[in-house]
$ cat coords06.pdb   # PDB, C-alpha atoms, pLDDT in the B column
ATOM      1  CA  MET A   1      -9.460 -22.386 -53.317  1.00 73.00           C
ATOM      2  CA  GLN A   2      -8.301 -21.688 -49.804  1.00 74.00           C
ATOM      3  CA  THR A   3      -4.811 -22.249 -48.492  1.00 75.00           C
ATOM      4  CA  ASN A   4      -3.674 -22.164 -44.870  1.00 82.00           C
ATOM      5  CA  ASN A   5      -0.324 -22.527 -43.153  1.00 83.00           C
ATOM      6  CA  ILE A   6       0.271 -25.245 -40.595  1.00 84.00           C
ATOM      7  CA  LEU A   7       3.091 -23.295 -38.920  1.00 82.00           C
ATOM      8  CA  SER A   8       1.075 -20.125 -38.299  1.00 79.00           C
ATOM      9  CA  ASN A   9      -1.225 -19.306 -35.376  1.00 73.00           C
ATOM     10  CA  LEU A  10       0.523 -21.598 -32.929  1.00 75.00           C
ATOM     11  CA  ILE A  11      -1.652 -20.882 -29.961  1.00 68.00           C
ATOM     12  CA  ASP A  12       0.251 -19.934 -26.825  1.00 59.00           C
ATOM     13  CA  SER A  13      -0.487 -22.692 -24.401  1.00 56.00           C
ATOM     14  CA  GLN A  14       1.361 -25.026 -22.091  1.00 55.00           C
ATOM     15  CA  ASP A  15      -0.897 -27.825 -23.193  1.00 56.00           C
ATOM     16  CA  GLU A  16      -1.107 -29.823 -26.343  1.00 64.00           C
ATOM     17  CA  THR A  17      -3.442 -28.222 -28.833  1.00 85.00           C
ATOM     18  CA  PHE A  18      -5.273 -30.173 -31.462  1.00 88.00           C
ATOM     19  CA  LYS A  19      -6.717 -28.676 -34.625  1.00 89.00           C
ATOM     20  CA  THR A  20      -8.629 -30.695 -37.187  1.00 92.00           C
ATOM     21  CA  LEU A  21      -7.526 -29.745 -40.693  1.00 93.00           C
ATOM     22  CA  LEU A  22      -9.651 -32.238 -42.601  1.00 95.00           C
ATOM     23  CA  GLU A  23     -12.178 -34.835 -41.537  1.00 95.00           C
ATOM     24  CA  SER A  24     -13.907 -37.423 -43.683  1.00 93.00           C
ATOM     25  CA  LYS A  25     -15.525 -40.796 -43.147  1.00 90.00           C
ATOM     26  CA  ASN A  26     -12.330 -42.790 -42.651  1.00 90.00           C
ATOM     27  CA  VAL A  27      -9.652 -40.166 -42.135  1.00 96.00           C
ATOM     28  CA  LYS A  28      -8.881 -37.251 -39.870  1.00 97.00           C
ATOM     29  CA  ILE A  29      -5.921 -34.968 -40.514  1.00 97.00           C
ATOM     30  CA  GLU A  30      -4.889 -33.033 -37.450  1.00 95.00           C
ATOM     31  CA  ARG A  31      -2.276 -30.521 -36.375  1.00 93.00           C
ATOM     32  CA  ILE A  32      -0.873 -31.063 -32.890  1.00 92.00           C
ATOM     33  CA  VAL A  33       1.198 -28.396 -31.131  1.00 90.00           C
ATOM     34  CA  THR A  34       3.193 -29.241 -28.009  1.00 87.00           C
ATOM     35  CA  ASP A  35       5.082 -26.747 -25.879  1.00 81.00           C
ATOM     36  CA  ALA A  36       7.811 -28.459 -23.821  1.00 74.00           C
ATOM     37  CA  HIS A  37       4.977 -30.548 -22.677  1.00 60.00           C
ATOM     38  CA  ILE A  38       5.424 -33.733 -20.701  1.00 61.00           C
ATOM     39  CA  LEU A  39       2.375 -35.909 -20.444  1.00 60.00           C
ATOM     40  CA  PRO A  40       1.600 -37.406 -17.030  1.00 65.00           C
ATOM     41  CA  LYS A  41       3.570 -40.606 -16.565  1.00 66.00           C
ATOM     42  CA  ASP A  42       0.491 -42.715 -16.125  1.00 70.00           C
ATOM     43  CA  PHE A  43      -1.262 -41.462 -19.232  1.00 81.00           C
ATOM     44  CA  TRP A  44      -1.058 -43.546 -22.385  1.00 90.00           C
ATOM     45  CA  TYR A  45      -2.729 -42.950 -25.706  1.00 91.00           C
ATOM     46  CA  ASP A  46      -4.616 -46.085 -26.682  1.00 93.00           C
ATOM     47  CA  GLN A  47      -6.331 -45.287 -29.962  1.00 93.00           C
ATOM     48  CA  GLU A  48      -8.999 -47.036 -32.002  1.00 94.00           C
ATOM     49  CA  ASP A  49      -7.437 -45.839 -35.265  1.00 95.00           C
ATOM     50  CA  ASP A  50      -4.065 -46.192 -36.922  1.00 96.00           C
ATOM     51  CA  GLU A  51      -2.064 -42.979 -36.697  1.00 96.00           C
ATOM     52  CA  TRP A  52       0.590 -41.772 -39.100  1.00 96.00           C
ATOM     53  CA  VAL A  53       2.487 -38.867 -37.608  1.00 96.00           C
ATOM     54  CA  ILE A  54       5.300 -36.563 -38.770  1.00 96.00           C
ATOM     55  CA  VAL A  55       7.188 -33.794 -36.935  1.00 96.00           C
ATOM     56  CA  LEU A  56       7.204 -30.522 -38.900  1.00 96.00           C
ATOM     57  CA  GLN A  57       8.894 -28.265 -36.350  1.00 95.00           C
ATOM     58  CA  GLY A  58      10.766 -28.858 -33.093  1.00 94.00           C
ATOM     59  CA  GLY A  59      11.532 -32.337 -31.825  1.00 94.00           C
ATOM     60  CA  ALA A  60      10.092 -35.011 -29.589  1.00 93.00           C
ATOM     61  CA  VAL A  61      10.527 -38.378 -27.951  1.00 93.00           C
ATOM     62  CA  VAL A  62       7.644 -40.839 -28.203  1.00 93.00           C
ATOM     63  CA  GLY A  63       7.591 -43.751 -25.785  1.00 93.00           C
ATOM     64  CA  PHE A  64       5.850 -47.099 -26.194  1.00 93.00           C
ATOM     65  CA  ASP A  65       4.641 -49.503 -23.565  1.00 91.00           C
ATOM     66  CA  ASN A  66       7.311 -52.049 -24.568  1.00 90.00           C
ATOM     67  CA  LYS A  67       9.753 -49.472 -23.089  1.00 90.00           C
ATOM     68  CA  GLU A  68      10.994 -48.413 -26.525  1.00 93.00           C
ATOM     69  CA  SER A  69      11.557 -44.668 -27.012  1.00 93.00           C
ATOM     70  CA  ILE A  70      11.872 -42.997 -30.394  1.00 94.00           C
ATOM     71  CA  ARG A  71      13.474 -39.597 -30.976  1.00 94.00           C
ATOM     72  CA  LEU A  72      11.825 -37.608 -33.776  1.00 94.00           C
ATOM     73  CA  GLY A  73      13.293 -34.548 -35.488  1.00 94.00           C
ATOM     74  CA  VAL A  74      11.885 -32.410 -38.300  1.00 94.00           C
ATOM     75  CA  GLY A  75      10.696 -34.621 -41.141  1.00 94.00           C
ATOM     76  CA  ASP A  76      10.720 -37.855 -39.127  1.00 95.00           C
ATOM     77  CA  TYR A  77       7.550 -39.900 -39.427  1.00 94.00           C
ATOM     78  CA  LEU A  78       6.097 -42.883 -37.660  1.00 95.00           C
ATOM     79  CA  HIS A  79       3.215 -45.294 -38.168  1.00 95.00           C
ATOM     80  CA  ILE A  80       1.527 -46.114 -34.872  1.00 95.00           C
ATOM     81  CA  LYS A  81      -0.916 -48.992 -35.160  1.00 95.00           C
ATOM     82  CA  ALA A  82      -4.299 -48.941 -33.448  1.00 95.00           C
ATOM     83  CA  HIS A  83      -4.035 -49.838 -29.757  1.00 96.00           C
ATOM     84  CA  GLN A  84      -0.261 -49.519 -29.739  1.00 95.00           C
ATOM     85  CA  LYS A  85       0.011 -47.655 -26.460  1.00 94.00           C
ATOM     86  CA  HIS A  86       2.238 -44.600 -26.646  1.00 94.00           C
ATOM     87  CA  ARG A  87       2.926 -41.270 -25.027  1.00 91.00           C
ATOM     88  CA  VAL A  88       4.933 -38.113 -25.639  1.00 90.00           C
ATOM     89  CA  GLU A  89       7.892 -38.264 -23.250  1.00 89.00           C
ATOM     90  CA  TRP A  90       9.634 -35.049 -24.269  1.00 90.00           C
ATOM     91  CA  THR A  91       9.359 -32.166 -26.714  1.00 91.00           C
ATOM     92  CA  SER A  92      11.777 -29.368 -27.617  1.00 92.00           C
ATOM     93  CA  GLU A  93      12.133 -26.534 -25.126  1.00 89.00           C
ATOM     94  CA  LYS A  94      13.476 -24.143 -27.766  1.00 90.00           C
ATOM     95  CA  GLU A  95      10.319 -23.889 -29.811  1.00 89.00           C
ATOM     96  CA  LYS A  96       6.878 -25.347 -30.082  1.00 88.00           C
ATOM     97  CA  THR A  97       6.768 -28.776 -31.650  1.00 92.00           C
ATOM     98  CA  VAL A  98       4.343 -29.075 -34.559  1.00 93.00           C
ATOM     99  CA  TRP A  99       3.080 -32.492 -35.624  1.00 95.00           C
ATOM    100  CA  LEU A 100       0.882 -33.529 -38.495  1.00 97.00           C
ATOM    101  CA  ALA A 101      -1.184 -36.598 -37.636  1.00 97.00           C
ATOM    102  CA  VAL A 102      -3.306 -38.666 -40.015  1.00 98.00           C
ATOM    103  CA  HIS A 103      -5.807 -40.888 -38.196  1.00 97.00           C
ATOM    104  CA  ILE A 104      -7.048 -43.777 -40.320  1.00 96.00           C
ATOM    105  CA  SER A 105      -9.989 -46.036 -39.487  1.00 93.00           C
ATOM    106  CA  VAL A 106      -9.064 -49.704 -39.384  1.00 88.00           C
TER     107      VAL A 106
ATOM    108  CA  MET B   1       9.158 -49.201 -34.321  1.00 73.00           C
ATOM    109  CA  GLN B   2      10.689 -47.768 -37.464  1.00 74.00           C
ATOM    110  CA  THR B   3      11.112 -44.084 -38.175  1.00 75.00           C
ATOM    111  CA  ASN B   4      12.066 -42.483 -41.477  1.00 82.00           C
ATOM    112  CA  ASN B   5      12.706 -38.935 -42.606  1.00 83.00           C
ATOM    113  CA  ILE B   6      10.672 -37.390 -45.382  1.00 83.00           C
ATOM    114  CA  LEU B   7      13.412 -34.884 -46.238  1.00 82.00           C
ATOM    115  CA  SER B   8      16.155 -37.461 -46.743  1.00 79.00           C
ATOM    116  CA  ASN B   9      17.010 -39.458 -49.868  1.00 73.00           C
ATOM    117  CA  LEU B  10      15.588 -36.904 -52.281  1.00 75.00           C
ATOM    118  CA  ILE B  11      16.381 -38.754 -55.452  1.00 67.00           C
ATOM    119  CA  ASP B  12      18.214 -36.693 -58.042  1.00 59.00           C
ATOM    120  CA  SER B  13      15.846 -36.440 -60.921  1.00 56.00           C
ATOM    121  CA  GLN B  14      14.396 -33.826 -63.197  1.00 55.00           C
ATOM    122  CA  ASP B  15      11.037 -35.490 -62.913  1.00 56.00           C
ATOM    123  CA  GLU B  16       8.515 -35.678 -60.162  1.00 64.00           C
ATOM    124  CA  THR B  17       9.133 -38.648 -57.918  1.00 85.00           C
ATOM    125  CA  PHE B  18       6.411 -40.330 -55.954  1.00 88.00           C
ATOM    126  CA  LYS B  19       7.017 -42.514 -52.921  1.00 89.00           C
ATOM    127  CA  THR B  20       4.225 -44.248 -51.040  1.00 92.00           C
ATOM    128  CA  LEU B  21       4.748 -43.892 -47.295  1.00 93.00           C
ATOM    129  CA  LEU B  22       1.565 -45.641 -46.176  1.00 95.00           C
ATOM    130  CA  GLU B  23      -1.263 -47.322 -48.023  1.00 95.00           C
ATOM    131  CA  SER B  24      -4.499 -48.684 -46.616  1.00 93.00           C
ATOM    132  CA  LYS B  25      -7.966 -49.398 -47.908  1.00 90.00           C
ATOM    133  CA  ASN B  26      -9.151 -45.779 -48.098  1.00 90.00           C
ATOM    134  CA  VAL B  27      -5.980 -43.740 -47.756  1.00 96.00           C
ATOM    135  CA  LYS B  28      -2.617 -43.364 -49.417  1.00 97.00           C
ATOM    136  CA  ILE B  29       0.080 -41.116 -47.931  1.00 97.00           C
ATOM    137  CA  GLU B  30       2.688 -40.146 -50.460  1.00 95.00           C
ATOM    138  CA  ARG B  31       5.832 -38.058 -50.694  1.00 93.00           C
ATOM    139  CA  ILE B  32       6.215 -36.089 -53.909  1.00 92.00           C
ATOM    140  CA  VAL B  33       9.511 -34.454 -54.881  1.00 90.00           C
ATOM    141  CA  THR B  34       9.657 -31.905 -57.688  1.00 87.00           C
ATOM    142  CA  ASP B  35      12.813 -30.341 -59.072  1.00 81.00           C
ATOM    143  CA  ALA B  36      12.077 -27.049 -60.833  1.00 75.00           C
ATOM    144  CA  HIS B  37       9.704 -29.150 -62.787  1.00 60.00           C
ATOM    145  CA  ILE B  38       7.092 -27.657 -65.048  1.00 60.00           C
ATOM    146  CA  LEU B  39       4.416 -30.040 -66.202  1.00 60.00           C
ATOM    147  CA  PRO B  40       3.413 -29.932 -69.856  1.00 64.00           C
ATOM    148  CA  LYS B  41       0.798 -27.245 -70.408  1.00 66.00           C
ATOM    149  CA  ASP B  42      -1.779 -29.652 -71.669  1.00 70.00           C
ATOM    150  CA  PHE B  43      -1.457 -32.092 -68.770  1.00 81.00           C
ATOM    151  CA  TRP B  44      -3.975 -31.875 -65.943  1.00 89.00           C
ATOM    152  CA  TYR B  45      -4.330 -34.098 -62.925  1.00 91.00           C
ATOM    153  CA  ASP B  46      -7.915 -35.326 -62.752  1.00 93.00           C
ATOM    154  CA  GLN B  47      -8.068 -37.638 -59.738  1.00 93.00           C
ATOM    155  CA  GLU B  48     -10.666 -40.087 -58.473  1.00 94.00           C
ATOM    156  CA  ASP B  49      -9.779 -39.319 -54.854  1.00 95.00           C
ATOM    157  CA  ASP B  50      -9.714 -36.235 -52.682  1.00 96.00           C
ATOM    158  CA  GLU B  51      -6.168 -35.004 -52.111  1.00 96.00           C
ATOM    159  CA  TRP B  52      -4.880 -33.069 -49.105  1.00 96.00           C
ATOM    160  CA  VAL B  53      -1.442 -31.702 -49.829  1.00 96.00           C
ATOM    161  CA  ILE B  54       1.144 -29.704 -47.863  1.00 96.00           C
ATOM    162  CA  VAL B  55       4.516 -28.261 -48.924  1.00 95.00           C
ATOM    163  CA  LEU B  56       7.330 -29.282 -46.545  1.00 96.00           C
ATOM    164  CA  GLN B  57      10.290 -27.805 -48.413  1.00 95.00           C
ATOM    165  CA  GLY B  58      10.678 -25.408 -51.334  1.00 94.00           C
ATOM    166  CA  GLY B  59       7.719 -23.693 -52.930  1.00 94.00           C
ATOM    167  CA  ALA B  60       5.248 -24.143 -55.747  1.00 93.00           C
ATOM    168  CA  VAL B  61       2.389 -22.711 -57.740  1.00 93.00           C
ATOM    169  CA  VAL B  62      -0.616 -24.946 -58.358  1.00 93.00           C
ATOM    170  CA  GLY B  63      -3.000 -23.981 -61.145  1.00 92.00           C
ATOM    171  CA  PHE B  64      -6.654 -24.934 -61.530  1.00 93.00           C
ATOM    172  CA  ASP B  65      -8.749 -25.185 -64.634  1.00 91.00           C
ATOM    173  CA  ASN B  66     -10.818 -22.156 -63.545  1.00 90.00           C
ATOM    174  CA  LYS B  67      -7.591 -20.186 -64.200  1.00 90.00           C
ATOM    175  CA  GLU B  68      -6.916 -19.739 -60.489  1.00 93.00           C
ATOM    176  CA  SER B  69      -3.292 -20.120 -59.370  1.00 93.00           C
ATOM    177  CA  ILE B  70      -2.203 -20.696 -55.777  1.00 94.00           C
ATOM    178  CA  ARG B  71       1.279 -20.021 -54.457  1.00 94.00           C
ATOM    179  CA  LEU B  72       2.368 -22.457 -51.732  1.00 94.00           C
ATOM    180  CA  GLY B  73       5.315 -21.995 -49.371  1.00 94.00           C
ATOM    181  CA  VAL B  74       6.569 -24.242 -46.573  1.00 94.00           C
ATOM    182  CA  GLY B  75       3.687 -25.280 -44.330  1.00 94.00           C
ATOM    183  CA  ASP B  76       0.946 -24.225 -46.747  1.00 95.00           C
ATOM    184  CA  TYR B  77      -1.708 -26.859 -47.304  1.00 94.00           C
ATOM    185  CA  LEU B  78      -4.562 -27.314 -49.711  1.00 94.00           C
ATOM    186  CA  HIS B  79      -7.559 -29.615 -50.066  1.00 95.00           C
ATOM    187  CA  ILE B  80      -8.127 -30.578 -53.685  1.00 95.00           C
ATOM    188  CA  LYS B  81     -11.433 -32.309 -54.239  1.00 95.00           C
ATOM    189  CA  ALA B  82     -11.779 -35.322 -56.505  1.00 95.00           C
ATOM    190  CA  HIS B  83     -11.947 -34.331 -60.177  1.00 96.00           C
ATOM    191  CA  GLN B  84     -10.861 -30.775 -59.489  1.00 95.00           C
ATOM    192  CA  LYS B  85      -8.439 -30.487 -62.370  1.00 94.00           C
ATOM    193  CA  HIS B  86      -5.067 -29.077 -61.364  1.00 94.00           C
ATOM    194  CA  ARG B  87      -1.423 -28.959 -62.344  1.00 91.00           C
ATOM    195  CA  VAL B  88       1.912 -27.837 -60.949  1.00 90.00           C
ATOM    196  CA  GLU B  89       2.786 -24.606 -62.759  1.00 89.00           C
ATOM    197  CA  TRP B  90       6.050 -23.835 -61.010  1.00 90.00           C
ATOM    198  CA  THR B  91       8.343 -25.095 -58.259  1.00 91.00           C
ATOM    199  CA  SER B  92      11.373 -23.538 -56.569  1.00 92.00           C
ATOM    200  CA  GLU B  93      14.610 -23.496 -58.551  1.00 89.00           C
ATOM    201  CA  LYS B  94      16.735 -23.120 -55.410  1.00 90.00           C
ATOM    202  CA  GLU B  95      15.958 -26.524 -53.931  1.00 89.00           C
ATOM    203  CA  LYS B  96      13.819 -29.554 -54.464  1.00 88.00           C
ATOM    204  CA  THR B  97      10.206 -29.083 -53.448  1.00 92.00           C
ATOM    205  CA  VAL B  98       8.892 -31.756 -51.087  1.00 93.00           C
ATOM    206  CA  TRP B  99       5.155 -32.337 -50.743  1.00 95.00           C
ATOM    207  CA  LEU B 100       3.207 -34.601 -48.480  1.00 97.00           C
ATOM    208  CA  ALA B 101      -0.010 -35.773 -50.123  1.00 97.00           C
ATOM    209  CA  VAL B 102      -2.853 -37.675 -48.470  1.00 98.00           C
ATOM    210  CA  HIS B 103      -5.183 -39.313 -51.005  1.00 97.00           C
ATOM    211  CA  ILE B 104      -8.591 -40.140 -49.584  1.00 96.00           C
ATOM    212  CA  SER B 105     -11.227 -42.338 -51.233  1.00 93.00           C
ATOM    213  CA  VAL B 106     -14.560 -40.578 -51.676  1.00 88.00           C
TER     214      VAL B 106
END
$ encode --input "coords06.pdb" --output "structure tokens"
Amino acid sequence: MQTNNILSNLIDSQDETFKTLLESKNVKIERIVTDAHILPKDFWYDQEDDEWVIVLQGGAVVGFDNKESIRLGVGDYLHIKAHQKHRVEWTSEKEKTVWLAVHISV
Amino acid sequence: MQTNNILSNLIDSQDETFKTLLESKNVKIERIVTDAHILPKDFWYDQEDDEWVIVLQGGAVVGFDNKESIRLGVGDYLHIKAHQKHRVEWTSEKEKTVWLAVHISV
């Protein structure tokens, strides 16, 4: 039985880093690390799958294409439906922001 | 867009408390809160689904029926396959232990 820690080995990068923790037929569990990273203004995620996401370290603001912005701190979670366009508008500058995302086929 | 916090409203109870955060056809995401709770020695979880679990607060020891025991701290995660018998042998006495569990149909 192997255990790993989601808060260790946060790769030093200015970009978002994605690490698949578990993948099965209908579900992918992923760690996302962002480092004061602002996505290009014209880039929107538009995903085929539902995404359930929680912030485990740091903080972030997620924006939606209806102009709504949501501030997320540690422990805050969000259910983003498939094709609900969104982007990361801001993440903490004090530390890397660690997200856990569960992608669910619809 | 609604956000909630997984670390808030930890119900005061001596028992494990389970709260479904998201449920779909193949996946259930659940918060589990344990309060220095030791399960009866003869009780084993024997689940139909795969379970991916991470500790978000506190600490715990999970035991398996092959006599293996795994200590989990904050951020530690574990993939427990369907029908892999397991139980919670110990959780932190200093604070409530908060788990995030993703149950995945196999």
$ interface_residues --input "coords06.pdb" --of "chain B" --to "chain A" --cutoff "7 Å" --atoms "all atoms listed in the file" --output "short mmCIF file (atom, residue, chain, number, x, y, z; two decimals) with C-alpha atoms, keeping the file's coordinate frame"
data_model
loop_
_atom_site.label_atom_id
_atom_site.label_comp_id
_atom_site.auth_asym_id
_atom_site.auth_seq_id
_atom_site.Cartn_x
_atom_site.Cartn_y
_atom_site.Cartn_z
CA GLN B 2 10.69 -47.77 -37.46
CA THR B 3 11.11 -44.08 -38.17
CA ASN B 4 12.07 -42.48 -41.48
CA ASN B 5 12.71 -38.94 -42.61
CA ILE B 6 10.67 -37.39 -45.38
CA LEU B 7 13.41 -34.88 -46.24
CA ASN B 26 -9.15 -45.78 -48.10
CA GLY B 75 3.69 -25.28 -44.33
CA ASP B 76 0.95 -24.22 -46.75
CA TYR B 77 -1.71 -26.86 -47.30
CA LEU B 78 -4.56 -27.31 -49.71
#
$ atom_distance --input "coords06.pdb" --atom1 "atom CA of A:Glu30" --atom2 "atom CA of A:Val53"
9.4 Å
$ closest_residue --input "coords06.pdb" --among "A:Thr97, A:Gln84, A:Thr91, A:Thr34" --to "A:Gly58" --atoms "only C-alpha atoms"
A:Thr97
$ calpha_fit_and_write --input "coords06.pdb" --fixed "chain B" --moving "chain A" --output "CSV table (one decimal) with C-alpha atoms, in the coordinates of the input"
chain,number,residue,atom,x,y,z
A,1,MET,CA,9.2,-49.2,-34.3
A,2,GLN,CA,10.7,-47.8,-37.4
A,3,THR,CA,11.1,-44.1,-38.2
A,4,ASN,CA,12.1,-42.5,-41.5
A,5,ASN,CA,12.7,-39.0,-42.6
A,6,ILE,CA,10.7,-37.4,-45.4
A,7,LEU,CA,13.4,-34.9,-46.2
A,8,SER,CA,16.2,-37.5,-46.8
A,9,ASN,CA,17.0,-39.5,-49.9
A,10,LEU,CA,15.6,-36.9,-52.3
A,11,ILE,CA,16.4,-38.8,-55.5
A,12,ASP,CA,18.2,-36.7,-58.0
A,13,SER,CA,15.9,-36.4,-60.9
A,14,GLN,CA,14.4,-33.8,-63.2
A,15,ASP,CA,11.0,-35.5,-62.9
A,16,GLU,CA,8.5,-35.7,-60.2
A,17,THR,CA,9.1,-38.6,-57.9
A,18,PHE,CA,6.4,-40.3,-56.0
A,19,LYS,CA,7.0,-42.5,-52.9
A,20,THR,CA,4.2,-44.2,-51.1
A,21,LEU,CA,4.7,-43.9,-47.3
A,22,LEU,CA,1.6,-45.6,-46.2
A,23,GLU,CA,-1.3,-47.3,-48.0
A,24,SER,CA,-4.5,-48.7,-46.6
A,25,LYS,CA,-8.0,-49.4,-47.9
A,26,ASN,CA,-9.2,-45.8,-48.1
A,27,VAL,CA,-6.0,-43.7,-47.8
A,28,LYS,CA,-2.6,-43.3,-49.4
A,29,ILE,CA,0.1,-41.1,-47.9
A,30,GLU,CA,2.7,-40.1,-50.5
A,31,ARG,CA,5.8,-38.0,-50.7
A,32,ILE,CA,6.2,-36.1,-53.9
A,33,VAL,CA,9.5,-34.4,-54.9
A,34,THR,CA,9.7,-31.9,-57.7
A,35,ASP,CA,12.8,-30.3,-59.1
A,36,ALA,CA,12.1,-27.0,-60.8
A,37,HIS,CA,9.7,-29.1,-62.8
A,38,ILE,CA,7.1,-27.7,-65.0
A,39,LEU,CA,4.4,-30.1,-66.1
A,40,PRO,CA,3.4,-30.0,-69.8
A,41,LYS,CA,0.8,-27.3,-70.4
A,42,ASP,CA,-1.8,-29.7,-71.7
A,43,PHE,CA,-1.5,-32.1,-68.8
A,44,TRP,CA,-4.0,-31.9,-65.9
A,45,TYR,CA,-4.3,-34.1,-62.9
A,46,ASP,CA,-7.9,-35.3,-62.8
A,47,GLN,CA,-8.1,-37.6,-59.7
A,48,GLU,CA,-10.7,-40.1,-58.5
A,49,ASP,CA,-9.8,-39.3,-54.9
A,50,ASP,CA,-9.7,-36.2,-52.7
A,51,GLU,CA,-6.2,-35.0,-52.1
A,52,TRP,CA,-4.9,-33.1,-49.1
A,53,VAL,CA,-1.4,-31.7,-49.8
A,54,ILE,CA,1.1,-29.7,-47.9
A,55,VAL,CA,4.5,-28.3,-48.9
A,56,LEU,CA,7.3,-29.3,-46.6
A,57,GLN,CA,10.3,-27.8,-48.4
A,58,GLY,CA,10.7,-25.4,-51.3
A,59,GLY,CA,7.7,-23.7,-52.9
A,60,ALA,CA,5.2,-24.1,-55.7
A,61,VAL,CA,2.4,-22.7,-57.7
A,62,VAL,CA,-0.6,-25.0,-58.4
A,63,GLY,CA,-3.0,-24.0,-61.1
A,64,PHE,CA,-6.7,-25.0,-61.5
A,65,ASP,CA,-8.8,-25.2,-64.6
A,66,ASN,CA,-10.8,-22.2,-63.5
A,67,LYS,CA,-7.6,-20.2,-64.2
A,68,GLU,CA,-6.9,-19.7,-60.5
A,69,SER,CA,-3.3,-20.1,-59.4
A,70,ILE,CA,-2.2,-20.7,-55.8
A,71,ARG,CA,1.3,-20.0,-54.4
A,72,LEU,CA,2.4,-22.5,-51.7
A,73,GLY,CA,5.3,-22.0,-49.4
A,74,VAL,CA,6.6,-24.2,-46.6
A,75,GLY,CA,3.7,-25.3,-44.3
A,76,ASP,CA,0.9,-24.2,-46.7
A,77,TYR,CA,-1.7,-26.8,-47.3
A,78,LEU,CA,-4.6,-27.3,-49.7
A,79,HIS,CA,-7.6,-29.6,-50.1
A,80,ILE,CA,-8.1,-30.6,-53.7
A,81,LYS,CA,-11.5,-32.3,-54.3
A,82,ALA,CA,-11.8,-35.3,-56.5
A,83,HIS,CA,-12.0,-34.3,-60.2
A,84,GLN,CA,-10.9,-30.8,-59.5
A,85,LYS,CA,-8.4,-30.5,-62.4
A,86,HIS,CA,-5.1,-29.1,-61.4
A,87,ARG,CA,-1.4,-28.9,-62.3
A,88,VAL,CA,1.9,-27.8,-60.9
A,89,GLU,CA,2.8,-24.6,-62.8
A,90,TRP,CA,6.1,-23.8,-61.0
A,91,THR,CA,8.3,-25.1,-58.3
A,92,SER,CA,11.4,-23.5,-56.6
A,93,GLU,CA,14.6,-23.5,-58.5
A,94,LYS,CA,16.7,-23.1,-55.4
A,95,GLU,CA,16.0,-26.5,-53.9
A,96,LYS,CA,13.8,-29.5,-54.5
A,97,THR,CA,10.2,-29.1,-53.4
A,98,VAL,CA,8.9,-31.7,-51.1
A,99,TRP,CA,5.2,-32.3,-50.8
A,100,LEU,CA,3.2,-34.6,-48.5
A,101,ALA,CA,0.0,-35.8,-50.1
A,102,VAL,CA,-2.9,-37.7,-48.5
A,103,HIS,CA,-5.2,-39.3,-51.0
A,104,ILE,CA,-8.6,-40.1,-49.6
A,105,SER,CA,-11.2,-42.3,-51.2
A,106,VAL,CA,-14.6,-40.6,-51.7
$ atom_distance --input "coords06.pdb" --atom1 "atom CA of A:Lys96" --atom2 "atom CA of A:Phe43"
21.1 Å
$ axis_aligned_box --input "coords06.pdb" --around "stretch 90-106 of chain A" --padding-each-side "4 Å" --output "lines of an AutoDock Vina configuration file"
center_x = 1.7
center_y = -36.8
center_z = -32.3
size_x = 31.5
size_y = 33.8
size_z = 24.1
$ closest_residue --input "coords06.pdb" --among "A:Thr20, A:Lys81, A:Arg87, A:Ala60" --to "A:Asp42" --atoms "all atoms listed in the file"
A:Arg87
$ closest_residue --input "coords06.pdb" --among "A:Leu10, A:Lys19, A:Asn66, A:Asp50" --to "A:His83" --atoms "all atoms listed in the file"
A:Asp50
$ resolve_selection --input "coords06.pdb" --expression "the PyMOL selection byres ((chain A and resi 32) around 8)" --output "PDB file with C-alpha atoms, in the frame of the given file"
ATOM      1  CA  GLU A  16      -1.107 -29.823 -26.343  1.00 64.00           C
ATOM      2  CA  THR A  17      -3.442 -28.222 -28.833  1.00 85.00           C
ATOM      3  CA  PHE A  18      -5.273 -30.173 -31.462  1.00 88.00           C
ATOM      4  CA  LYS A  19      -6.717 -28.676 -34.625  1.00 89.00           C
ATOM      5  CA  GLU A  30      -4.889 -33.033 -37.450  1.00 95.00           C
ATOM      6  CA  ARG A  31      -2.276 -30.521 -36.375  1.00 93.00           C
ATOM      7  CA  VAL A  33       1.198 -28.396 -31.131  1.00 90.00           C
ATOM      8  CA  THR A  34       3.193 -29.241 -28.009  1.00 87.00           C
ATOM      9  CA  VAL A  98       4.343 -29.075 -34.559  1.00 93.00           C
ATOM     10  CA  TRP A  99       3.080 -32.492 -35.624  1.00 95.00           C
ATOM     11  CA  LEU A 100       0.882 -33.529 -38.495  1.00 97.00           C
ATOM     12  CA  ALA A 101      -1.184 -36.598 -37.636  1.00 97.00           C
TER      13      ALA A 101
END
$ resolve_selection --input "coords06.pdb" --expression "the PyMOL selection byres ((chain B and resi 90) around 10)" --output "PDB file with C-alpha atoms, in the coordinates of the input"
ATOM      1  CA  THR B  34       9.657 -31.905 -57.688  1.00 87.00           C
ATOM      2  CA  ASP B  35      12.813 -30.341 -59.072  1.00 81.00           C
ATOM      3  CA  ALA B  36      12.077 -27.049 -60.833  1.00 75.00           C
ATOM      4  CA  HIS B  37       9.704 -29.150 -62.787  1.00 60.00           C
ATOM      5  CA  ILE B  38       7.092 -27.657 -65.048  1.00 60.00           C
ATOM      6  CA  LEU B  39       4.416 -30.040 -66.202  1.00 60.00           C
ATOM      7  CA  GLY B  59       7.719 -23.693 -52.930  1.00 94.00           C
ATOM      8  CA  ALA B  60       5.248 -24.143 -55.747  1.00 93.00           C
ATOM      9  CA  VAL B  61       2.389 -22.711 -57.740  1.00 93.00           C
ATOM     10  CA  VAL B  62      -0.616 -24.946 -58.358  1.00 93.00           C
ATOM     11  CA  GLY B  63      -3.000 -23.981 -61.145  1.00 92.00           C
ATOM     12  CA  ARG B  71       1.279 -20.021 -54.457  1.00 94.00           C
ATOM     13  CA  ARG B  87      -1.423 -28.959 -62.344  1.00 91.00           C
ATOM     14  CA  VAL B  88       1.912 -27.837 -60.949  1.00 90.00           C
ATOM     15  CA  GLU B  89       2.786 -24.606 -62.759  1.00 89.00           C
ATOM     16  CA  THR B  91       8.343 -25.095 -58.259  1.00 91.00           C
ATOM     17  CA  SER B  92      11.373 -23.538 -56.569  1.00 92.00           C
ATOM     18  CA  GLU B  93      14.610 -23.496 -58.551  1.00 89.00           C
TER      19      GLU B  93
END
